[in-house]
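Q: Below: one structure in C-alpha cells.
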Amino acid sequence: MAAATQTEEEDYVPLKLVLNEERSKVLFAEAGKDFVDVLCSFLTFPLGTIARLVQKESNLEPVTVGCLNKLYQSVADLDKECLTKEIIKEMLLNPNYSLEDYCSTLKLNIDDTEPLKYYMCTSESFASPCDCKEMLTTSTACLDCKFRTTPVVILNKECNNGFVNDGATFIITDDLRVIPNSMDITTFVMLQNLGLKNTSSLKEMTVNVTKEKVLDLLKCSLVSKSTLTYLFLGIKPTLGRVSNNFSCGVEINDDIQITVKLVIRKTDGKILYAQGGHDFADFLISFLTFPLGGVARMFGGNFALGCIDVLYNSITTLDENMYFLTQEAKNRIVDPHLAPHFGLSKQILPICQARSWFYCHDDYYITCKSTYVSNFFGESMDRKTVWVESIVNNYVKGPRTYIVTDDLVVTECSPTSVLRLINHFETPLKDLKEKVINIGANECLSILKASLTSTSALTNGLGHLVV
C-alpha cells in the first residue's frame, strides 16, 4: 500500500457551507464542537500571539492589524539593555496565556507557543535569602545569587477537552455569529432574516478545515466583516471607516496617571511621536500580553475589529449550562485573564491577572505564599503547593525616556534618535510644537482601540487632547 500523503494524515474538521451563488456569498455554516472550539480559542490568544501568527505564511498573505505588527516588531528590535530581565523579550514575543489547559487539547490548535517552564533557585542561605526563589524562568542559574536552578516546579493544570459540549451543533453566520442549532432557530426564518425570498440560488458545499485554513480564518476574522465569504470564496472585504469613539464595558480606575510629552505637527494636528518614561513604554508593550477576549470585554464587545466583536458577543449569549462543558469554560472565554507572570506594578487597564498553581516535591525555602496539601493528584505524599503572580513588575528599565511613534514603534530616546525621527518626517522645526499631558485609563483605552483599528494610534487616541 502506498504511503499516506501529508494531506491524508493531516487533522481536519468538516464544515458544511450554505452559499448564495447569485451573490457569491457564504450565508452560514453548520458546525460542531471542534470548529466552535477553534473560534473560542481565538478569544484566548494574547495580542502578541496574534501579531506573530498573522505574519506566518499560509494560503493568505500576511495581514496588518492596526499598529499591532509595528509594536510587536519594535519589541523584537528593542535593545536588551532596556529590559529589566533577559527573559522578558521572549515572554513578550511568544506570550503564554491563561487558557493553555483548554486549548492544548483542541483538534486544530494553531498556537505553537511552548509552555513557559518554571524553575526554583536551590540556594538555602537563610542569612541572605534570594528574592528570586518565588519563580524563575531560566534553567541556568539564578540571576541574583548565581546558584543553580532546578526544574522542580510543575504547573498544576487539568487538561480540559476544549470549551463546548461534544453533542452540541451550531450555525455560524458569515460574520462569525455563533448560534445554537435549536428549535428556537428555524431555517426559513433565518433565511428570511438574511434577505432571501427563495432558495433556488442556494448551494451546499462541504469543506475540510485544516490547521492552515484555521490560520487563514484567524487572518480573515481580524480584517473582514464577511469572514466565511473571504475565507472560502476568496472575495476580499471592503472595510468602512472606523469610528474613534468607544464605549467601555467595564468599570475603570482613573487613579493612575502617566505623563507624556507629545510632538505635534501644527499644519494637520498629527502626533508625530511621544516621549515618556518607562511606565508609558510598559503600558504600550503590555498590549502584547492582552488576550483578545479580554480586550473585547473592555470595550463592551464593540471595538470594530473585523468580526471579533460579533463573535465575542454571540459567545456571551450562549447558555453555559447547555452548550459549554462547564460554566468556568464560558467565563474564561468571555473574561480571559493575563497569564500569571505578566502583571505590572501599575496595571492601568481593567484586565485581571490569572493565578496559576504549581507544586514541587522538595521543601525549598520559598518566599511566596504556599500551603501544604496531602493526597495531591491522588498520591499519598505531602507536596508544597505554590502560586506565581508575577515574574516581573516592569518590562523596561527606568528612569529612562522612550520614544513612541504614532504607529507605536517603541525605542529608547536619545538626541540622535530624535534627530533621525524629525528628519524622517521631513517637517520644518517651525511646524512642530510640544505639549505635555497626563493620561489615565480612558485615554489608555482610546489608544488601545486606535492601535487595533488604525495605523495612527496616538493621533486617533489622543488627538482630542491637542486641539
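Residues are named by chain letter and number: chains run A, B, ... in the order of the C-alpha cells, numbers start at 1 in each chain, and ligands are numbered from 1 in the order shown.
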Quick one: everything within 8 Å of Leu458 in chain A, counting only C-alpha atoms, minus sequence neighbours fewer than 2 positions away in the same chain. Send it as an NGL selection string.
A: :A and (271 or 273 or 405-408 or 447 or 450 or 456 or 460-463)
Q: Which residues come within 7 Å of Tyr97 in chain A, counting only C-alpha atoms, excluding same-chain residues fewer than 5 positions away, as a list in words?
A: Phe45, Pro46, Leu338 and Ala339 of chain A
Q: Neighbours of Gly294 in chain A within 7 Å (only C-alpha atoms; same-chain residues fewer than 5 positions away dropped), as a list in words?
A: Asp335, Pro336, His337 and Ile351 of chain A
Q: Could you name the residues that touch Tyr12 in chain A at 7 Å or less, counting only C-alpha atoms, but leaving out those on the same chain fewer than 6 positions away, as a list of chain:residue names?
A: A:Asn208, A:Val209, A:Thr210
Q: Quick one: write out the picked residues with N, CA, C and O atoms as a compact mmCIF listing (two decimals), in the first residue's frame?
A:
# COMPACT_ATOMS: atom_id res chain seq x y z
N ASN A 208 -13.13 20.77 4.19
CA ASN A 208 -12.32 20.26 5.29
C ASN A 208 -11.41 21.37 5.78
O ASN A 208 -10.58 21.89 5.03
N VAL A 209 -11.58 21.74 7.03
CA VAL A 209 -10.80 22.84 7.62
C VAL A 209 -9.57 22.25 8.30
O VAL A 209 -9.68 21.49 9.27
N THR A 210 -8.39 22.60 7.80
CA THR A 210 -7.12 22.15 8.36
C THR A 210 -6.52 23.25 9.23
O THR A 210 -7.06 24.35 9.33
Q: Would you mind telling me which residue in A:Leu68, A:Tyr312, A:Leu215, A:Thr259 lies nearest to Leu448 in chain A when using only C-alpha atoms?
A: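 Among the listed residues, A:Leu68 lies closest to Leu448 in chain A.
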Q: As a PyMOL selection string, please: all residues of range 203-344 of chain A that backbone DSSP puts in alpha helix (DSSP H).
A: chain A and resi 211-223+227-233+278-285+292-298+308-317+320-323+327-334
Q: Quick one: residues within 9 Å of Phe35 in chain A, only C-alpha atoms counted, chain neighbours fewer than 4 positions away excluded, as a PyMOL selection string?
A: chain A and resi 13-15+31+39-40+107-108+209
Q: Might you pull out every residue within 12 Å of Asn331 in chain A, with only C-alpha atoms counted and same-chain residues fewer than 3 positions away left off, and present them as a ChimeraX atom specification?
A: /A:40,43-44,99,163,293-294,297,312,315-321,324-328,334-337
Q: So that I can see what lies close to Leu60 in chain A, please list as a PDB file with N, CA and C atoms, in the first residue's frame the residues with an atom at most 9 Å from it, counting only C-alpha atoms and leaving out residues fewer than 2 positions away in the same chain.
A:
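Contents of selection-v7.pdb, freshly written:
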ATOM      1  N   GLU A  57       3.294  32.421   6.919  1.00  0.00           N
ATOM      2  CA  GLU A  57       2.904  32.045   5.562  1.00  0.00           C
ATOM      3  C   GLU A  57       1.701  31.105   5.627  1.00  0.00           C
ATOM      4  N   SER A  58       0.753  31.323   4.725  1.00  0.00           N
ATOM      5  CA  SER A  58      -0.406  30.449   4.571  1.00  0.00           C
ATOM      6  C   SER A  58      -0.984  30.712   3.194  1.00  0.00           C
ATOM      7  N   PRO A  62       0.214  37.733   4.617  1.00  0.00           N
ATOM      8  CA  PRO A  62       0.178  38.313   5.970  1.00  0.00           C
ATOM      9  C   PRO A  62      -0.742  39.523   6.017  1.00  0.00           C
ATOM     10  N   VAL A  63      -1.375  39.729   7.153  1.00  0.00           N
ATOM     11  CA  VAL A  63      -2.283  40.863   7.304  1.00  0.00           C
ATOM     12  C   VAL A  63      -1.730  41.817   8.357  1.00  0.00           C
ATOM     13  N   LEU A 215      -5.520  29.133  10.348  1.00  0.00           N
ATOM     14  CA  LEU A 215      -4.694  30.344  10.334  1.00  0.00           C
ATOM     15  C   LEU A 215      -5.280  31.368   9.375  1.00  0.00           C
ATOM     16  N   ASP A 216      -5.733  30.925   8.202  1.00  0.00           N
ATOM     17  CA  ASP A 216      -6.408  31.829   7.272  1.00  0.00           C
ATOM     18  C   ASP A 216      -7.679  32.407   7.906  1.00  0.00           C
ATOM     19  N   LYS A 219      -6.795  35.227  10.222  1.00  0.00           N
ATOM     20  CA  LYS A 219      -6.464  36.426   9.458  1.00  0.00           C
ATOM     21  C   LYS A 219      -7.730  37.116   8.947  1.00  0.00           C
ATOM     22  N   CYS A 220      -8.640  36.324   8.358  1.00  0.00           N
ATOM     23  CA  CYS A 220      -9.876  36.898   7.807  1.00  0.00           C
ATOM     24  C   CYS A 220     -10.735  37.535   8.898  1.00  0.00           C
ATOM     25  N   LEU A 231     -12.900  33.767   3.332  1.00  0.00           N
ATOM     26  CA  LEU A 231     -12.079  32.571   3.529  1.00  0.00           C
ATOM     27  C   LEU A 231     -12.311  31.521   2.444  1.00  0.00           C
TER      28      LEU A 231
END
Q: Name the closest residue to Phe232 in chain A among the candidates A:Phe28, A:Leu262, A:Ser98, A:Ser454; distances are taken between atoms, counting only C-alpha atoms.
A: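 Result for the nearest residue to Phe232 in chain A: A:Phe28.
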Q: Just how far from CA of Asn59 in chain A is CA of Leu217 in chain A, in Å to one decimal?
A: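 Interatomic distance, CA of Leu217 in chain A to CA of Asn59 in chain A: 10.3 Å.
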Q: May I ask which of the residues A:Cys307, A:Val466, A:Val38, A:Cys82 is the closest one to Tyr230 in chain A, counting only C-alpha atoms?
A: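 Closest to Tyr230 in chain A of all the choices is A:Cys307.
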